[in-house]
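Printed here is target.pdb (PDB, C-alpha atoms and all ligand atoms):
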ATOM      1  CA  MET R 145     174.311 234.034  83.185
ATOM      2  CA  GLU R 146     170.674 235.079  82.982
ATOM      3  CA  ILE R 147     170.053 238.704  83.754
ATOM      4  CA  SER R 148     167.401 237.692  86.241
ATOM      5  CA  GLN R 149     170.177 236.205  88.344
ATOM      6  CA  SER R 150     172.099 239.442  88.458
ATOM      7  CA  TRP R 151     169.837 241.234  90.847
ATOM      8  CA  SER R 152     168.652 239.498  93.899
ATOM      9  CA  LYS R 153     166.417 240.337  96.770
ATOM     10  CA  ILE R 154     166.375 238.117  99.759
ATOM     11  CA  ILE R 155     163.024 237.501 101.320
ATOM     12  CA  HIS R 156     161.775 235.196 104.000
ATOM     13  CA  ASP R 157     159.083 232.946 102.641
ATOM     14  CA  GLY R 158     160.441 229.442 102.885
ATOM     15  CA  SER R 159     160.581 228.616  99.181
ATOM     16  CA  SER R 160     163.606 227.305  97.385
ATOM     17  CA  PRO R 161     166.036 229.359  95.293
ATOM     18  CA  PRO R 162     164.218 230.153  92.021
ATOM     19  CA  PHE R 163     167.283 230.340  89.827
ATOM     20  CA  ASP R 164     169.492 227.686  88.420
ATOM     21  CA  SER R 165     172.982 229.086  88.813
ATOM     22  CA  SER R 166     175.932 227.331  87.283
ATOM     23  CA  LEU R 167     177.816 228.335  90.410
ATOM     24  CA  PRO R 168     177.363 226.616  93.738
ATOM     25  CA  LEU R 169     174.634 228.056  95.891
ATOM     26  CA  GLU R 170     175.361 226.619  99.279
ATOM     27  CA  ILE R 171     172.156 227.276 101.106
ATOM     28  CA  SER R 172     171.840 224.855 103.968
ATOM     29  CA  GLN R 173     168.954 222.477 104.636
ATOM     30  CA  GLY R 174     166.126 224.280 106.319
ATOM     31  CA  GLU R 175     167.345 227.619 104.967
ATOM     32  CA  THR R 176     164.297 229.829 104.642
ATOM     33  CA  ARG R 177     165.681 232.533 102.443
ATOM     34  CA  HIS R 178     165.584 232.668  98.733
ATOM     35  CA  LEU R 179     166.683 235.006  96.040
ATOM     36  CA  LEU R 180     164.227 236.889  93.913
ATOM     37  CA  ALA R 181     165.101 238.728  90.764
ATOM     38  CA  VAL R 182     164.483 242.449  90.715
ATOM     39  CA  GLU R 183     163.553 243.914  87.344
ATOM     40  CA  MET R 184     166.614 245.439  85.717
ATOM     41  CA  ASN R 185     164.500 248.134  84.118
ATOM     42  CA  GLU R 186     163.178 249.077  87.497
ATOM     43  CA  ILE R 187     166.750 249.669  88.625
ATOM     44  CA  GLY R 188     167.366 251.646  85.453
ATOM     45  CA  LEU R 189     170.312 249.588  84.275
ATOM     46  CA  LYS R 190     170.945 248.133  80.885
ATOM     47  CA  ASP R 191     169.888 244.554  80.339
ATOM     48  CA  GLU R 192     173.396 243.514  79.467
ATOM     49  CA  ALA R 193     174.852 244.447  82.848
ATOM     50  CA  GLU R 194     176.837 241.411  83.913
ATOM     51  CA  THR R 195     177.506 240.081  87.334
ATOM     52  CA  LYS R 196     180.967 241.115  88.453
ATOM     53  CA  ILE R 197     181.048 239.567  91.905
ATOM     54  CA  GLN R 198     179.009 236.688  93.215
ATOM     55  CA  VAL R 199     178.844 235.713  96.851
ATOM     56  CA  ARG R 200     177.351 232.337  97.608
ATOM     57  CA  GLY R 201     176.485 231.017 101.050
ATOM     58  CA  LEU R 202     179.280 232.918 102.787
ATOM     59  CA  ASN R 203     179.528 232.116 106.489
ATOM     60  CA  LYS R 204     181.853 233.361 109.179
ATOM     61  CA  VAL R 205     181.881 232.287 112.798
ATOM     62  CA  SER R 206     184.100 233.962 115.378
ATOM     63  CA  ASP R 207     186.549 232.036 117.531
ATOM     64  CA  LYS R 208     183.991 232.252 120.328
ATOM     65  CA  GLY R 209     181.347 230.672 118.121
ATOM     66  CA  ASP R 210     179.417 233.867 117.364
ATOM     67  CA  CYS R 211     177.893 234.100 113.898
ATOM     68  CA  ILE R 212     179.427 237.043 111.996
ATOM     69  CA  LEU R 213     178.165 236.253 108.490
ATOM     70  CA  ASN R 214     175.258 233.883 107.984
ATOM     71  CA  SER R 215     174.941 232.309 104.539
ATOM     72  CA  VAL R 216     175.340 235.587 102.673
ATOM     73  CA  SER R 217     174.518 235.367  98.968
ATOM     74  CA  VAL R 218     174.484 238.368  96.690
ATOM     75  CA  ASP R 219     175.240 239.213  93.069
ATOM     76  CA  ILE R 220     176.976 242.505  92.368
ATOM     77  CA  PRO R 221     176.561 243.648  88.755
ATOM     78  CA  GLY R 222     179.440 245.320  86.944
ATOM     79  CA  GLY R 223     179.485 249.100  86.611
ATOM     80  CA  VAL R 224     177.229 249.963  89.525
ATOM     81  CA  ILE R 225     177.661 251.445  92.959
ATOM     82  CA  MET R 226     176.354 249.113  95.640
ATOM     83  CA  GLY R 227     175.971 250.583  99.107
ATOM     84  CA  ILE R 228     176.131 248.307 102.132
ATOM     85  CA  ILE R 229     174.371 249.564 105.234
ATOM     86  CA  GLY R 230     173.532 248.027 108.580
ATOM     87  CA  PRO R 231     173.912 248.468 112.307
ATOM     88  CA  SER R 232     177.331 248.465 113.911
ATOM     89  CA  GLY R 233     178.686 244.936 114.167
ATOM     90  CA  SER R 234     176.328 243.539 111.524
ATOM     91  CA  GLY R 235     179.234 242.242 109.413
ATOM     92  CA  LYS R 236     179.546 244.928 106.729
ATOM     93  CA  SER R 237     183.336 245.263 106.893
ATOM     94  CA  THR R 238     183.764 241.504 107.169
ATOM     95  CA  LEU R 239     181.737 240.999 103.991
ATOM     96  CA  LEU R 240     183.661 243.735 102.186
ATOM     97  CA  ARG R 241     187.015 242.300 103.272
ATOM     98  CA  ALA R 242     186.061 238.878 101.956
ATOM     99  CA  LEU R 243     185.778 240.316  98.447
ATOM    100  CA  ASN R 244     189.532 240.840  98.078
ATOM    101  CA  ARG R 245     190.646 238.251 100.614
ATOM    102  CA  LEU R 246     191.666 240.642 103.359
ATOM    103  CA  TRP R 247     189.658 238.073 105.220
ATOM    104  CA  GLU R 248     190.084 234.710 103.509
ATOM    105  CA  PRO R 249     186.620 233.386 102.605
ATOM    106  CA  PRO R 250     186.028 229.628 102.284
ATOM    107  CA  LYS R 251     186.571 228.213  98.801
ATOM    108  CA  ASN R 252     183.699 228.510  96.318
ATOM    109  CA  THR R 253     181.926 231.315  98.147
ATOM    110  CA  VAL R 254     183.186 234.466  96.383
ATOM    111  CA  PHE R 255     183.587 234.713  92.618
ATOM    112  CA  LEU R 256     185.056 237.465  90.455
ATOM    113  CA  ASP R 257     183.945 237.266  86.828
ATOM    114  CA  GLY R 258     182.860 233.720  87.597
ATOM    115  CA  ASN R 259     186.205 232.630  89.068
ATOM    116  CA  ASP R 260     186.607 231.540  92.681
ATOM    117  CA  ILE R 261     188.771 234.284  94.201
ATOM    118  CA  CYS R 262     190.537 231.717  96.385
ATOM    119  CA  GLY R 263     192.143 230.416  93.199
ATOM    120  CA  ILE R 264     193.401 233.847  92.096
ATOM    121  CA  ASP R 265     196.868 235.084  93.077
ATOM    122  CA  VAL R 266     196.114 237.329  96.034
ATOM    123  CA  LEU R 267     198.292 240.262  94.884
ATOM    124  CA  PHE R 268     196.755 240.136  91.425
ATOM    125  CA  LEU R 269     193.290 239.993  93.006
ATOM    126  CA  ARG R 270     193.962 243.021  95.185
ATOM    127  CA  ARG R 271     195.091 245.010  92.174
ATOM    128  CA  LYS R 272     191.864 244.110  90.381
ATOM    129  CA  VAL R 273     189.796 244.670  93.506
ATOM    130  CA  GLY R 274     191.236 247.763  95.183
ATOM    131  CA  MET R 275     190.231 248.989  98.609
ATOM    132  CA  LEU R 276     190.019 252.258 100.519
ATOM    133  CA  PHE R 277     189.486 252.579 104.238
ATOM    134  CA  GLN R 278     188.033 255.176 106.564
ATOM    135  CA  LEU R 279     191.406 256.787 107.223
ATOM    136  CA  PRO R 280     193.932 256.991 104.374
ATOM    137  CA  VAL R 281     197.454 255.861 105.154
ATOM    138  CA  LEU R 282     200.035 257.296 102.799
ATOM    139  CA  PHE R 283     203.550 255.936 102.470
ATOM    140  CA  GLU R 284     206.617 258.104 103.031
ATOM    141  CA  GLY R 285     207.662 260.231 100.074
ATOM    142  CA  THR R 286     205.692 262.403  97.724
ATOM    143  CA  VAL R 287     202.202 262.022  96.380
ATOM    144  CA  ALA R 288     203.757 260.928  93.074
ATOM    145  CA  ASP R 289     205.807 258.260  94.906
ATOM    146  CA  ASN R 290     202.619 256.967  96.470
ATOM    147  CA  ILE R 291     200.831 256.789  93.136
ATOM    148  CA  ARG R 292     203.782 255.063  91.482
ATOM    149  CA  TYR R 293     204.071 252.470  94.241
ATOM    150  CA  GLY R 294     201.701 249.769  92.921
ATOM    151  CA  PRO R 295     202.877 249.776  89.286
ATOM    152  CA  LYS R 296     206.491 249.824  90.511
ATOM    153  CA  LEU R 297     205.891 246.504  92.288
ATOM    154  CA  LYS R 298     205.030 245.103  88.864
ATOM    155  CA  GLY R 299     208.200 246.609  87.377
ATOM    156  CA  LYS R 300     206.396 249.488  85.658
ATOM    157  CA  LYS R 301     207.431 253.112  86.164
ATOM    158  CA  LEU R 302     204.585 255.537  85.618
ATOM    159  CA  SER R 303     205.530 258.618  83.619
ATOM    160  CA  ASP R 304     204.831 262.071  85.052
ATOM    161  CA  ASP R 305     201.944 262.405  82.603
ATOM    162  CA  GLU R 306     200.424 259.163  83.818
ATOM    163  CA  VAL R 307     200.686 260.377  87.420
ATOM    164  CA  TYR R 308     199.026 263.691  86.497
ATOM    165  CA  LYS R 309     196.196 261.781  84.811
ATOM    166  CA  LEU R 310     195.646 259.699  87.940
ATOM    167  CA  LEU R 311     195.682 262.852  90.067
ATOM    168  CA  ALA R 312     193.065 264.342  87.785
ATOM    169  CA  LEU R 313     190.926 261.200  88.051
ATOM    170  CA  ALA R 314     190.899 261.714  91.809
ATOM    171  CA  ASP R 315     190.102 265.415  91.330
ATOM    172  CA  LEU R 316     193.540 266.622  92.444
ATOM    173  CA  ASP R 317     195.428 269.230  90.450
ATOM    174  CA  SER R 318     199.087 269.088  89.442
ATOM    175  CA  SER R 319     200.230 271.052  92.504
ATOM    176  CA  PHE R 320     199.864 267.878  94.558
ATOM    177  CA  PHE R 321     202.484 265.961  92.565
ATOM    178  CA  ASN R 322     205.433 266.759  94.849
ATOM    179  CA  LYS R 323     203.601 267.247  98.125
ATOM    180  CA  SER R 324     204.210 264.905 101.016
ATOM    181  CA  GLY R 325     201.464 263.187 102.979
ATOM    182  CA  GLY R 326     202.018 265.501 105.946
ATOM    183  CA  GLU R 327     201.008 268.514 103.855
ATOM    184  CA  LEU R 328     197.581 267.128 103.030
ATOM    185  CA  SER R 329     194.191 267.321 104.694
ATOM    186  CA  VAL R 330     192.489 263.991 105.403
ATOM    187  CA  GLY R 331     190.166 264.593 102.452
ATOM    188  CA  GLN R 332     193.077 265.286 100.106
ATOM    189  CA  ALA R 333     194.963 262.272 101.454
ATOM    190  CA  GLN R 334     191.906 260.124 100.811
ATOM    191  CA  ARG R 335     191.897 261.260  97.193
ATOM    192  CA  VAL R 336     195.622 260.497  96.920
ATOM    193  CA  ALA R 337     194.894 257.042  98.336
ATOM    194  CA  LEU R 338     192.211 256.711  95.677
ATOM    195  CA  ALA R 339     194.631 257.780  92.925
ATOM    196  CA  ARG R 340     197.169 255.270  94.267
ATOM    197  CA  THR R 341     194.538 252.539  94.115
ATOM    198  CA  LEU R 342     193.513 253.578  90.597
ATOM    199  CA  ALA R 343     197.146 253.296  89.468
ATOM    200  CA  ASN R 344     196.683 249.533  89.745
ATOM    201  CA  GLU R 345     193.883 249.738  87.173
ATOM    202  CA  PRO R 346     191.281 248.045  89.362
ATOM    203  CA  GLU R 347     187.965 246.848  88.004
ATOM    204  CA  VAL R 348     186.313 246.910  91.403
ATOM    205  CA  LEU R 349     186.666 249.405  94.257
ATOM    206  CA  LEU R 350     185.823 248.419  97.813
ATOM    207  CA  LEU R 351     185.266 251.358 100.132
ATOM    208  CA  ASP R 352     184.883 251.003 103.875
ATOM    209  CA  GLU R 353     183.295 254.209 105.135
ATOM    210  CA  PRO R 354     185.625 256.271 102.942
ATOM    211  CA  THR R 355     184.149 259.640 103.873
ATOM    212  CA  SER R 356     183.216 259.198 107.529
ATOM    213  CA  ALA R 357     186.262 261.230 108.633
ATOM    214  CA  LEU R 358     185.753 263.946 106.028
ATOM    215  CA  ASP R 359     183.990 267.306 106.012
ATOM    216  CA  PRO R 360     180.952 267.738 103.726
ATOM    217  CA  ILE R 361     182.949 269.342 100.893
ATOM    218  CA  SER R 362     185.626 266.642 100.879
ATOM    219  CA  THR R 363     182.836 264.078 101.086
ATOM    220  CA  GLN R 364     181.178 265.567  98.041
ATOM    221  CA  ASN R 365     184.498 265.578  96.162
ATOM    222  CA  ILE R 366     184.936 261.864  96.811
ATOM    223  CA  GLU R 367     181.313 261.128  95.889
ATOM    224  CA  ASP R 368     181.703 263.048  92.616
ATOM    225  CA  VAL R 369     184.854 261.088  91.787
ATOM    226  CA  LEU R 370     183.139 257.762  92.526
ATOM    227  CA  VAL R 371     180.161 258.589  90.324
ATOM    228  CA  LYS R 372     182.544 259.669  87.543
ATOM    229  CA  LEU R 373     184.547 256.444  87.842
ATOM    230  CA  LYS R 374     181.370 254.448  87.543
ATOM    231  CA  LYS R 375     180.125 256.418  84.548
ATOM    232  CA  ASP R 376     183.372 256.892  82.624
ATOM    233  CA  GLN R 377     185.256 253.722  83.523
ATOM    234  CA  LYS R 378     182.384 251.350  84.270
ATOM    235  CA  MET R 379     183.988 250.747  87.641
ATOM    236  CA  THR R 380     182.134 248.443  90.015
ATOM    237  CA  ILE R 381     182.019 250.060  93.448
ATOM    238  CA  VAL R 382     180.975 248.465  96.724
ATOM    239  CA  MET R 383     180.776 250.946  99.565
ATOM    240  CA  VAL R 384     180.054 250.460 103.251
ATOM    241  CA  SER R 385     178.523 253.633 104.612
ATOM    242  CA  HIS R 386     176.631 254.737 107.677
ATOM    243  CA  GLY R 387     175.272 257.654 105.682
ATOM    244  CA  ILE R 388     171.883 256.763 104.257
ATOM    245  CA  LYS R 389     171.800 260.127 102.508
ATOM    246  CA  GLN R 390     175.139 259.379 100.896
ATOM    247  CA  ILE R 391     173.838 256.015  99.726
ATOM    248  CA  GLN R 392     170.733 257.712  98.357
ATOM    249  CA  ARG R 393     172.883 260.286  96.554
ATOM    250  CA  ILE R 394     175.236 257.936  94.754
ATOM    251  CA  ALA R 395     174.334 254.251  95.041
ATOM    252  CA  ASP R 396     172.363 252.342  92.415
ATOM    253  CA  VAL R 397     171.465 249.619  94.825
ATOM    254  CA  VAL R 398     171.611 249.196  98.579
ATOM    255  CA  CYS R 399     172.141 246.070 100.580
ATOM    256  CA  LEU R 400     171.001 245.984 104.224
ATOM    257  CA  LEU R 401     172.897 243.661 106.533
ATOM    258  CA  VAL R 402     171.510 242.794 109.966
ATOM    259  CA  ASP R 403     173.163 240.310 112.323
ATOM    260  CA  GLY R 404     175.323 238.910 109.534
ATOM    261  CA  GLU R 405     172.433 238.380 107.126
ATOM    262  CA  ILE R 406     171.390 240.307 104.066
ATOM    263  CA  VAL R 407     167.792 241.225 104.748
ATOM    264  CA  GLU R 408     167.104 243.656 101.907
ATOM    265  CA  ILE R 409     168.575 244.494  98.515
ATOM    266  CA  MET R 410     166.848 247.318  96.718
ATOM    267  CA  LYS R 411     167.103 250.724  95.108
ATOM    268  CA  PRO R 412     168.019 253.346  97.695
ATOM    269  CA  ASP R 413     164.833 255.305  97.052
ATOM    270  CA  GLN R 414     162.782 252.190  97.809
ATOM    271  CA  LEU R 415     164.074 251.878 101.354
ATOM    272  CA  SER R 416     160.861 253.314 102.729
ATOM    273  CA  GLU R 417     159.042 250.330 101.225
ATOM    274  CA  ALA R 418     161.404 247.777 102.754
ATOM    275  CA  ASN R 419     159.926 244.964 104.797
ATOM    276  CA  HIS R 420     162.652 244.810 107.407
ATOM    277  CA  PRO R 421     162.055 247.188 110.330
ATOM    278  CA  MET R 422     165.761 248.070 110.467
ATOM    279  CA  ALA R 423     165.489 249.717 107.030
ATOM    280  CA  LEU R 424     162.802 252.058 108.286
ATOM    281  CA  ARG R 425     164.747 252.762 111.447
ATOM    282  CA  PHE R 426     167.780 253.738 109.381
ATOM    283  CA  LEU R 427     165.645 256.040 107.280
ATOM    284  CA  GLN R 428     164.045 257.679 110.300
ATOM    285  CA  LEU R 429     167.374 258.249 112.022
ATOM    286  CA  SER R 430     168.920 259.789 108.927
ATOM    287  CA  SER R 431     166.100 262.223 108.171
TER     288      SER R 431
HETATM  289  N1  LIG Q 501     188.676 238.760 113.536
HETATM  290  C1  LIG Q 501     187.568 238.778 114.298
HETATM  291  N2  LIG Q 501     187.494 237.978 115.373
HETATM  292  C2  LIG Q 501     186.397 237.981 116.149
HETATM  293  N3  LIG Q 501     185.331 238.746 115.906
HETATM  294  C3  LIG Q 501     185.363 239.554 114.859
HETATM  295  C4  LIG Q 501     186.482 239.629 113.993
HETATM  296  N4  LIG Q 501     186.228 240.540 113.025
HETATM  297  C5  LIG Q 501     185.000 241.024 113.288
HETATM  298  N5  LIG Q 501     184.493 240.438 114.373
HETATM  299  C6  LIG Q 501     183.153 240.650 114.936
HETATM  300  O1  LIG Q 501     182.273 240.455 113.864
HETATM  301  C7  LIG Q 501     181.182 241.331 113.946
HETATM  302  C8  LIG Q 501     181.064 242.101 112.646
HETATM  303  O2  LIG Q 501     182.161 243.014 112.544
HETATM  304  P1  LIG Q 501     182.265 244.025 111.324
HETATM  305  O3  LIG Q 501     183.426 244.903 111.583
HETATM  306  O4  LIG Q 501     182.234 243.267 110.064
HETATM  307  O5  LIG Q 501     180.890 244.823 111.499
HETATM  308  P2  LIG Q 501     180.449 246.184 110.827
HETATM  309  O6  LIG Q 501     179.039 245.999 110.432
HETATM  310  O7  LIG Q 501     181.406 246.585 109.769
HETATM  311  O8  LIG Q 501     180.534 247.166 112.070
HETATM  312  P3  LIG Q 501     180.833 248.758 112.118
HETATM  313  O9  LIG Q 501     179.699 249.435 111.424
HETATM  314  O10 LIG Q 501     180.841 249.059 113.591
HETATM  315  O11 LIG Q 501     182.152 248.992 111.467
HETATM  316  C9  LIG Q 501     181.424 242.205 115.168
HETATM  317  O12 LIG Q 501     180.698 241.693 116.241
HETATM  318  C10 LIG Q 501     182.916 242.067 115.406
HETATM  319  O13 LIG Q 501     183.212 242.219 116.776
END
Structure encoded using C-alpha cells:
Amino acid sequence: MEISQSWSKIIHDGSSPPFDSSLPLEISQGETRHLLAVEMNEIGLKDEAETKIQVRGLNKVSDKGDCILNSVSVDIPGGVIMGIIGPSGSGKSTLLRALNRLWEPPKNTVFLDGNDICGIDVLFLRRKVGMLFQLPVLFEGTVADNIRYGPKLKGKKLSDDEVYKLLALADLDSSFFNKSGGELSVGQAQRVALARTLANEPEVLLLDEPTSALDPISTQNIEDVLVKLKKDQKMTIVMVSHGIKQIQRIADVVCLLVDGEIVEIMKPDQLSEANHPMALRFLQLSS
C-alpha cells in the first residue's frame, strides 16, 4: 500500500477519493468527503510505517434509525498512538468497539493487516487487538492469576518470571504478584488490567478513556507505559480520551469525531489550525 494512503484527512470539498486502494472504499453516491494524504514527514514518522487498521465506509444506525457512525473511513498506521476525541455521543466508543468486534461491524469495513476482521476468529482477534476500559475489572484471585488468565485459555502457563516481566511492562513491581484485586487502587488495577491484556501479546491496544477515573499521578504512569509500549514494542494504540491535554502529551495523531463522522485527522499540535469549529471549542475548553 502506498504510504500516501496511510494518513488521511477528511475534508469537505466534493471531490472524489484521490487514492486507489486495493480495499473497498464504500463511499456512497453523493458523498462529499474525500481522503487527503498528510505528509508522513510532517507527522514525523518513518516512511515505511504501514497501515495496521483500515476502516472503510463504516456505518451504524440505531434501532430507532438514528445515525451513530456515518461512513467512517480512516487508516491507522502501525506503531503510533492515535487519539480519538469528540463530544459525548459522537460515536467514539462505537468506533473503537468495532475494531475488535465488541460491536460487530458489517463485512468489508474493518481490516487488520489487510484482512477483513469479520473473517478472523473473534477470540484470536481480541488477543491481537486488546482492549482496556475506563474502569478495570479484575477477576477473582491474585494479580498473577489475572495475568495468567489469557494464556491459560490457550493452554499456556506463564512462568513466574514471565508474570514479573509483564508486571514490569505495566510499571508494577514484584510486590503486586500475590495481591488480590481488592488490595489495589483503581490506578494500580488499571495497570494490572493492562498487564493482563499484554499477556495475550497484542499488536494493537484499544483504550476507552483508560485514565478518566484516575488521579494525575496514576494517569501519568499509564501514559508513560503507553508511550513505552509504542516505542519499545511498536504497539499500535488507539485511545478515546476526553483529555485534549492527554492527547497532546502522548498521541501522534488525533481524530475528531462529530455526530458519527470523522471531521479532522491531524497532529495534536495542529488542532488550533483545524477547520472544524468543534476542534477549536475542544481546545478552548481544555486550556
Ligand atoms: N447499542 C446501542 N443502541 C442504541 N444506541 C446506541 C447503542 N450504542 C450507542 N448508542 C448511541 O450511539 C451514540 C454514540 O455512542 P458512543 O458511546 O459511541 O458515543 P461516545 O462518543 O463514545 O460518547 P461518550 O463520550 O459519552 O462516551 C449515542 O447517541 C448512544 O446513545
Please tabulate, as a tab-separated table, the residues of chain R that come within 12 Å of ligand LIG 501 (chain Q), each with its closest pair of atoms and the distance in Å to one decimal, counting only C-alpha atoms and all ligand atoms and ordering rows by chain, then residue number upward.
residue	atom	partner	partner_atom	distance
R:Asn203	CA	Q:LIG501	O1	11.5
R:Lys204	CA	Q:LIG501	O1	8.5
R:Val205	CA	Q:LIG501	N3	8.0
R:Ser206	CA	Q:LIG501	C2	4.7
R:Asp207	CA	Q:LIG501	C2	6.1
R:Lys208	CA	Q:LIG501	C2	7.5
R:Gly209	CA	Q:LIG501	C2	9.1
R:Asp210	CA	Q:LIG501	N3	7.8
R:Cys211	CA	Q:LIG501	O1	7.7
R:Ile212	CA	Q:LIG501	O1	4.8
R:Leu213	CA	Q:LIG501	C8	7.7
R:Asn214	CA	Q:LIG501	C8	11.1
R:Ile228	CA	Q:LIG501	O6	9.1
R:Ile229	CA	Q:LIG501	O6	7.8
R:Gly230	CA	Q:LIG501	O6	6.2
R:Pro231	CA	Q:LIG501	O9	5.9
R:Ser232	CA	Q:LIG501	O9	3.6
R:Gly233	CA	Q:LIG501	O5	3.5
R:Ser234	CA	Q:LIG501	O6	3.8
R:Gly235	CA	Q:LIG501	O4	3.2
R:Lys236	CA	Q:LIG501	O6	3.9
R:Ser237	CA	Q:LIG501	O7	3.7
R:Thr238	CA	Q:LIG501	O4	3.7
R:Leu239	CA	Q:LIG501	O4	6.5
R:Leu240	CA	Q:LIG501	O4	8.0
R:Arg241	CA	Q:LIG501	O4	8.4
R:Ala242	CA	Q:LIG501	O4	10.0
R:Leu246	CA	Q:LIG501	N1	10.8
R:Trp247	CA	Q:LIG501	N1	8.4
R:Glu248	CA	Q:LIG501	N1	10.9
R:Phe277	CA	Q:LIG501	O11	10.9
R:Gln278	CA	Q:LIG501	O11	9.8
R:Leu351	CA	Q:LIG501	O7	11.4
R:Asp352	CA	Q:LIG501	O7	8.1
R:Glu353	CA	Q:LIG501	O11	8.3
R:Pro354	CA	Q:LIG501	O11	11.7
R:Ser356	CA	Q:LIG501	O11	11.0
R:Met383	CA	Q:LIG501	O7	11.1
R:Val384	CA	Q:LIG501	O7	7.7
R:Ser385	CA	Q:LIG501	O9	8.1
R:His386	CA	Q:LIG501	O9	7.2
R:Gly387	CA	Q:LIG501	O9	11.0
R:Leu400	CA	Q:LIG501	O6	10.2
R:Leu401	CA	Q:LIG501	O6	7.6
R:Val402	CA	Q:LIG501	O6	8.2
R:Asp403	CA	Q:LIG501	C8	8.1
R:Gly404	CA	Q:LIG501	C8	7.3
R:Glu405	CA	Q:LIG501	O6	10.6
R:Ile406	CA	Q:LIG501	O6	11.5
Residues as selected, C-alpha atoms, written as an mmCIF file, in the frame of the given file, can you do that?
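The result, stored in part.cif:
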data_model
loop_
_atom_site.group_PDB
_atom_site.id
_atom_site.type_symbol
_atom_site.label_atom_id
_atom_site.label_comp_id
_atom_site.auth_asym_id
_atom_site.auth_seq_id
_atom_site.Cartn_x
_atom_site.Cartn_y
_atom_site.Cartn_z
ATOM 1 C CA ASN R 203 179.528 232.116 106.489
ATOM 2 C CA LYS R 204 181.853 233.361 109.179
ATOM 3 C CA VAL R 205 181.881 232.287 112.798
ATOM 4 C CA SER R 206 184.100 233.962 115.378
ATOM 5 C CA ASP R 207 186.549 232.036 117.531
ATOM 6 C CA LYS R 208 183.991 232.252 120.328
ATOM 7 C CA GLY R 209 181.347 230.672 118.121
ATOM 8 C CA ASP R 210 179.417 233.867 117.364
ATOM 9 C CA CYS R 211 177.893 234.100 113.898
ATOM 10 C CA ILE R 212 179.427 237.043 111.996
ATOM 11 C CA LEU R 213 178.165 236.253 108.490
ATOM 12 C CA ASN R 214 175.258 233.883 107.984
ATOM 13 C CA ILE R 228 176.131 248.307 102.132
ATOM 14 C CA ILE R 229 174.371 249.564 105.234
ATOM 15 C CA GLY R 230 173.532 248.027 108.580
ATOM 16 C CA PRO R 231 173.912 248.468 112.307
ATOM 17 C CA SER R 232 177.331 248.465 113.911
ATOM 18 C CA GLY R 233 178.686 244.936 114.167
ATOM 19 C CA SER R 234 176.328 243.539 111.524
ATOM 20 C CA GLY R 235 179.234 242.242 109.413
ATOM 21 C CA LYS R 236 179.546 244.928 106.729
ATOM 22 C CA SER R 237 183.336 245.263 106.893
ATOM 23 C CA THR R 238 183.764 241.504 107.169
ATOM 24 C CA LEU R 239 181.737 240.999 103.991
ATOM 25 C CA LEU R 240 183.661 243.735 102.186
ATOM 26 C CA ARG R 241 187.015 242.300 103.272
ATOM 27 C CA ALA R 242 186.061 238.878 101.956
ATOM 28 C CA LEU R 246 191.666 240.642 103.359
ATOM 29 C CA TRP R 247 189.658 238.073 105.220
ATOM 30 C CA GLU R 248 190.084 234.710 103.509
ATOM 31 C CA PHE R 277 189.486 252.579 104.238
ATOM 32 C CA GLN R 278 188.033 255.176 106.564
ATOM 33 C CA LEU R 351 185.266 251.358 100.132
ATOM 34 C CA ASP R 352 184.883 251.003 103.875
ATOM 35 C CA GLU R 353 183.295 254.209 105.135
ATOM 36 C CA PRO R 354 185.625 256.271 102.942
ATOM 37 C CA SER R 356 183.216 259.198 107.529
ATOM 38 C CA MET R 383 180.776 250.946 99.565
ATOM 39 C CA VAL R 384 180.054 250.460 103.251
ATOM 40 C CA SER R 385 178.523 253.633 104.612
ATOM 41 C CA HIS R 386 176.631 254.737 107.677
ATOM 42 C CA GLY R 387 175.272 257.654 105.682
ATOM 43 C CA LEU R 400 171.001 245.984 104.224
ATOM 44 C CA LEU R 401 172.897 243.661 106.533
ATOM 45 C CA VAL R 402 171.510 242.794 109.966
ATOM 46 C CA ASP R 403 173.163 240.310 112.323
ATOM 47 C CA GLY R 404 175.323 238.910 109.534
ATOM 48 C CA GLU R 405 172.433 238.380 107.126
ATOM 49 C CA ILE R 406 171.390 240.307 104.066
#
Handout entry: the PyMOL selection byres (((chain R and resi 394-397) around 10) and not hetatm) resolved against shown file, as a ChimeraX atom specification
Key = /R:151,187-189,220-221,223-228,367-368,370-371,381-383,388-393,398-399,409-414
Handout entry: Test item: residues at most 10 Å from Gln198 of chain R, all atoms listed in the file, excluding those fewer than 5 positions along its chain, as a PyMOL selection string
Key = chain R and resi 150+167+217-221+243+252-260
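Counting from atom CA of Ala312 of chain R, the distance to atom CA of Ala333 of chain R is 14.0 Å.
The spacing separating atom CA of Thr355 of chain R from atom CA of Val330 of chain R amounts to 9.5 Å.
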Handout entry: Residue IDs satisfying the PyMOL selection byres (((chain R and resi 285) around 9) and not hetatm), as a ChimeraX atom specification
Key = /R:282-284,286-290,322-325
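Straight-line separation from atom CA of Gln332 of chain R to atom CA of Phe268 of chain R: 26.9 Å.
Residue selection for this entry, given the PyMOL selection byres (((chain R and resi 267) around 12) and not hetatm), comprises Asn244, Arg245, Leu246, Ile261, Cys262, Gly263, Ile264, Asp265, Val266, Phe268, Leu269, Arg270, Arg271, Lys272, Val273, Gly274, Gly294, Pro295, Leu297, Lys298, Asn344 and Pro346 of chain R.
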Exercise for the section: May I ask which of the residues R:Thr380, R:Gln428, R:Ser362, R:Asn419 is the closest one to Gly222 of chain R, counting only C-alpha atoms? Expected result: R:Thr380
Problem - Contacts of Ala343 of chain R at 9 Å (all atoms listed in the file; same-chain gap of 2+ positions) as a ChimeraX atom specification - result: /R:271,291-295,302,306-307,310,338-341,345-346
Exercise for the section: Counting only C-alpha atoms, write as a ChimeraX atom specification all protein and nucleic acid residues lying at most 7 Å from (175.9, 231.9, 103.3) in the file's frame. Expected result: /R:170-171,200-203,214-217
